[in-house]
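Next comes final.cif, with mmCIF, C-alpha atoms.
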data_run
#
loop_
_atom_site.group_PDB
_atom_site.id
_atom_site.type_symbol
_atom_site.label_atom_id
_atom_site.label_comp_id
_atom_site.auth_asym_id
_atom_site.auth_seq_id
_atom_site.Cartn_x
_atom_site.Cartn_y
_atom_site.Cartn_z
ATOM 1 C CA MET A 1 41.271 24.275 -10.268
ATOM 2 C CA THR A 2 41.466 20.513 -9.493
ATOM 3 C CA GLN A 3 41.944 21.219 -5.789
ATOM 4 C CA ARG A 4 38.691 23.233 -5.644
ATOM 5 C CA ILE A 5 36.602 20.638 -7.498
ATOM 6 C CA LEU A 6 37.695 17.682 -5.353
ATOM 7 C CA PRO A 7 36.463 19.086 -1.983
ATOM 8 C CA TRP A 8 33.076 20.067 -3.486
ATOM 9 C CA THR A 9 32.755 16.636 -5.064
ATOM 10 C CA LEU A 10 33.437 14.967 -1.709
ATOM 11 C CA ILE A 11 30.937 17.245 0.066
ATOM 12 C CA LEU A 12 28.209 16.525 -2.514
ATOM 13 C CA PHE A 13 28.939 12.797 -2.358
ATOM 14 C CA GLY A 14 28.675 12.911 1.451
ATOM 15 C CA LEU A 15 25.333 14.744 1.262
ATOM 16 C CA LEU A 16 23.974 12.138 -1.158
ATOM 17 C CA LEU A 17 25.007 9.302 1.157
ATOM 18 C CA THR A 18 23.417 11.049 4.150
ATOM 19 C CA ALA A 19 20.167 11.732 2.276
ATOM 20 C CA CYS A 20 19.863 8.100 1.176
ATOM 21 C CA ASP A 21 20.923 6.498 4.461
ATOM 22 C CA GLY A 22 18.052 4.555 6.047
ATOM 23 C CA ASN A 23 15.532 5.519 3.377
ATOM 24 C CA SER A 24 15.648 2.326 1.367
ATOM 25 C CA THR A 25 12.745 1.631 -0.950
ATOM 26 C CA GLU A 26 13.295 -2.113 -0.518
ATOM 27 C CA PRO A 27 10.513 -3.878 1.401
ATOM 28 C CA SER A 28 11.266 -5.201 4.877
ATOM 29 C CA PRO A 29 11.957 -8.955 5.282
ATOM 30 C CA ASP A 30 8.457 -9.394 6.788
ATOM 31 C CA ALA A 31 6.729 -7.818 3.777
ATOM 32 C CA TYR A 32 4.389 -9.856 1.625
ATOM 33 C CA PHE A 33 2.136 -9.381 -1.374
ATOM 34 C CA GLN A 34 -1.629 -9.802 -1.127
ATOM 35 C CA LYS A 35 -3.665 -10.317 -4.284
ATOM 36 C CA GLY A 36 -7.409 -10.143 -4.695
ATOM 37 C CA THR A 37 -10.296 -9.457 -7.034
ATOM 38 C CA VAL A 38 -13.054 -6.860 -6.756
ATOM 39 C CA ALA A 39 -16.217 -7.075 -8.862
ATOM 40 C CA TYR A 40 -18.732 -4.362 -9.743
ATOM 41 C CA GLN A 41 -20.195 -2.841 -6.530
ATOM 42 C CA ASP A 42 -18.332 -5.424 -4.435
ATOM 43 C CA ARG A 43 -15.423 -5.573 -1.997
ATOM 44 C CA ASP A 44 -12.600 -7.897 -1.034
ATOM 45 C CA TRP A 45 -11.039 -7.881 2.409
ATOM 46 C CA GLN A 46 -8.229 -9.653 4.219
ATOM 47 C CA ALA A 47 -7.424 -9.940 7.922
ATOM 48 C CA LEU A 48 -4.149 -8.896 9.531
ATOM 49 C CA THR A 49 -3.335 -9.979 13.099
ATOM 50 C CA LEU A 50 -0.872 -7.869 15.089
ATOM 51 C CA THR A 51 0.600 -9.310 18.280
ATOM 52 C CA GLU A 52 2.173 -5.999 19.319
ATOM 53 C CA THR A 53 1.972 -2.318 18.413
ATOM 54 C CA GLU A 54 3.427 -1.885 14.948
ATOM 55 C CA THR A 55 3.587 0.535 12.067
ATOM 56 C CA VAL A 56 1.915 -1.156 9.114
ATOM 57 C CA ARG A 57 2.658 0.098 5.614
ATOM 58 C CA ILE A 58 0.453 -0.810 2.666
ATOM 59 C CA GLU A 59 1.161 0.074 -0.952
ATOM 60 C CA VAL A 60 -1.084 -0.510 -3.961
ATOM 61 C CA THR A 61 1.319 -2.066 -6.476
ATOM 62 C CA GLU A 62 -1.060 -3.192 -9.212
ATOM 63 C CA ILE A 63 -4.619 -2.676 -10.453
ATOM 64 C CA THR A 64 -5.563 -4.675 -13.546
ATOM 65 C CA SER A 65 -8.947 -4.370 -15.211
ATOM 66 C CA LEU A 66 -10.407 -7.714 -16.328
ATOM 67 C CA THR A 67 -12.648 -5.965 -18.857
ATOM 68 C CA SER A 68 -11.968 -3.931 -21.976
ATOM 69 C CA GLN A 69 -12.694 -0.744 -20.017
ATOM 70 C CA PRO A 70 -9.651 0.458 -18.014
ATOM 71 C CA VAL A 71 -9.984 0.848 -14.241
ATOM 72 C CA THR A 72 -7.225 2.698 -12.399
ATOM 73 C CA THR A 73 -8.852 3.547 -9.062
ATOM 74 C CA LEU A 74 -10.302 1.410 -6.271
ATOM 75 C CA GLY A 75 -11.474 2.274 -2.796
ATOM 76 C CA PHE A 76 -9.221 1.335 0.140
ATOM 77 C CA SER A 77 -10.276 1.024 3.755
ATOM 78 C CA ILE A 78 -8.890 -0.327 7.010
ATOM 79 C CA GLY A 79 -10.682 -1.306 10.185
ATOM 80 C CA ARG A 80 -11.175 -4.106 12.693
ATOM 81 C CA VAL A 81 -12.629 -7.560 12.295
ATOM 82 C CA LEU A 82 -15.819 -7.838 14.365
ATOM 83 C CA ASP A 83 -18.075 -10.913 14.228
ATOM 84 C CA ALA A 84 -16.239 -12.218 11.132
ATOM 85 C CA GLU A 85 -16.909 -8.956 9.237
ATOM 86 C CA CYS A 86 -14.578 -6.131 8.256
ATOM 87 C CA THR A 87 -15.821 -2.990 10.004
ATOM 88 C CA THR A 88 -13.891 -0.136 8.425
ATOM 89 C CA THR A 89 -13.012 3.207 9.939
ATOM 90 C CA TYR A 90 -10.789 4.752 7.264
ATOM 91 C CA ARG A 91 -11.830 4.957 3.590
ATOM 92 C CA VAL A 92 -10.058 6.613 0.682
ATOM 93 C CA ALA A 93 -9.636 6.283 -3.086
ATOM 94 C CA SER A 94 -6.433 4.552 -4.155
ATOM 95 C CA ALA A 95 -4.452 4.040 -7.334
ATOM 96 C CA VAL A 96 -1.244 2.232 -8.205
ATOM 97 C CA GLY A 97 1.491 3.814 -6.115
ATOM 98 C CA SER A 98 -0.823 4.863 -3.261
ATOM 99 C CA LYS A 99 0.900 4.306 0.080
ATOM 100 C CA PHE A 100 -0.675 4.141 3.519
ATOM 101 C CA SER A 101 0.983 3.934 6.919
ATOM 102 C CA PHE A 102 -0.785 3.187 10.204
ATOM 103 C CA ARG A 103 0.545 2.870 13.767
ATOM 104 C CA LEU A 104 -1.706 0.156 15.210
ATOM 105 C CA PRO A 105 -1.890 -1.560 18.615
ATOM 106 C CA GLU A 106 -2.262 -5.314 19.047
ATOM 107 C CA ASP A 107 -5.569 -6.510 17.538
ATOM 108 C CA VAL A 108 -7.104 -8.169 14.470
ATOM 109 C CA TYR A 109 -7.438 -5.668 11.638
ATOM 110 C CA CYS A 110 -8.757 -5.839 8.119
ATOM 111 C CA PHE A 111 -7.908 -3.989 4.975
ATOM 112 C CA GLN A 112 -10.397 -3.829 2.172
ATOM 113 C CA MET A 113 -10.384 -2.921 -1.505
ATOM 114 C CA PHE A 114 -13.770 -1.985 -2.942
ATOM 115 C CA ASP A 115 -15.472 -0.637 -6.056
ATOM 116 C CA ALA A 116 -15.406 3.142 -5.776
ATOM 117 C CA GLY A 117 -17.807 3.489 -8.680
ATOM 118 C CA THR A 118 -15.124 2.863 -11.298
ATOM 119 C CA ILE A 119 -15.748 -0.790 -12.216
ATOM 120 C CA PRO A 120 -18.180 -1.299 -15.100
ATOM 121 C CA VAL A 121 -21.275 -3.518 -14.744
ATOM 122 C CA ASP A 122 -20.240 -7.183 -15.156
ATOM 123 C CA GLY A 123 -16.609 -6.107 -14.733
ATOM 124 C CA SER A 124 -13.957 -6.913 -12.183
ATOM 125 C CA VAL A 125 -10.465 -5.818 -11.230
ATOM 126 C CA GLU A 126 -7.463 -7.679 -9.845
ATOM 127 C CA TYR A 127 -5.227 -5.856 -7.391
ATOM 128 C CA THR A 128 -1.967 -6.452 -5.572
ATOM 129 C CA LEU A 129 -0.935 -4.873 -2.292
ATOM 130 C CA LEU A 130 2.505 -4.846 -0.668
ATOM 131 C CA ILE A 131 2.011 -5.180 3.085
ATOM 132 C CA GLU A 132 4.782 -4.475 5.576
ATOM 133 C CA PRO A 133 3.839 -5.282 9.153
#
Structure translated into structure tokens:
Amino acid sequence: MTQRILPWTLILFGLLLTACDGNSTEPSPDAYFQKGTVAYQDRDWQALTLTETETVRIEVTEITSLTSQPVTTLGFSIGRVLDAECTTTYRVASAVGSKFSFRLPEDVYCFQMFDAGTIPVDGSVEYTLLIEP
């Protein structure tokens, strides 16, 4: 009986190692956190300069309502910076845990968090993004 269990245990252990290899959930060494605040019917954007084609990963890690009314969803968009403005081309609702990945050529980009109709009047929300260029 022991001889049959040991080979299966080794096979399962090998499969687990193979499945986990290279799929680390740890951020890359170039990753950084970006924090911001979005008010009612407003937006907050940040620029990101790429000097070569890269895959950029962005994860929403925190959304904190600064009012008594909970807010769990914000809008997210990405685009290019034109004439000192963020001109977005991709817009979607986001919540904590939302992950986005973009393969982008060299340029100046912007990512934006905005009120998607979920922030109460006179309210605001703080957010944190993990950015991996």
*asked:* Please list as a PyMOL selection string every residue within 9 Å of Glu132 in chain A, counting all atoms listed in the file and excluding residues in the same chain fewer than 5 positions away.
replied: chain A and resi 27-33+55-59
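Between CA of Gln112 in chain A and CA of Glu54 in chain A the interatomic distance comes to 18.9 Å.
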_Selection dump of the PyMOL selection byres ((chain A and resi 44) around 9), as a list of chain:residue names_ =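 Written out, the selection comes to A:Gly36, A:Thr37, A:Val38, A:Ala39, A:Asp42, A:Arg43, A:Trp45, A:Gln46, A:Phe111, A:Gln112, A:Met113, A:Phe114.
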*May I ask which of the residues A:Val92, A:Val60, A:Leu66, A:Val81 is the closest one to Ala116 in chain A, counting only C-alpha atoms?*
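When distances to Ala116 in chain A are compared using only C-alpha atoms, the smallest one comes from A:Val92.
For the file at hand, the PyMOL selection byres ((chain A and resi 119-127) around 9) resolves to Gln34, Lys35, Gly36, Thr37, Val38, Ala39, Tyr40, Gln41, Val60, Thr61, Glu62, Ile63, Thr64, Ser65, Leu66, Thr67, Ser68, Gln69, Pro70, Val71, Thr73, Leu74, Met113, Asp115, Ala116, Gly117, Thr118, Thr128 and Leu129 of chain A.
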*I need the residue set behind the PyMOL selection byres ((chain A and resi 105) around 9) for this file; please write it as a PyMOL selection string.*
chain A and resi 50-55+103-104+106-107
_Given all atoms listed in the file as the counted atoms, nearest of A:Ser77, A:Thr72, A:Ser94, A:Thr87 to Val108 in chain A_ =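 Closest to Val108 in chain A of all the choices is A:Thr87.
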*Work out how far apart CA of Ser98 in chain A and CA of Ala84 in chain A are and give it in Å to one decimal.*
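Separation between CA of Ser98 in chain A and CA of Ala84 in chain A: 27.1 Å.
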*Work out how far apart CA of Asp83 in chain A and CA of Leu130 in chain A are and give it in Å to one decimal.*
26.1 Å
Might I get the box with edges along x, y and z of the file that holds all atoms of range 40-45 of chain A listed there, padded by 3 Å on every side, given as centre and edge lengths in Å to one decimal, as lines of an AutoDock Vina configuration file?
center_x = -15.6
center_y = -5.4
center_z = -3.7
size_x = 15.2
size_y = 11.1
size_z = 18.2
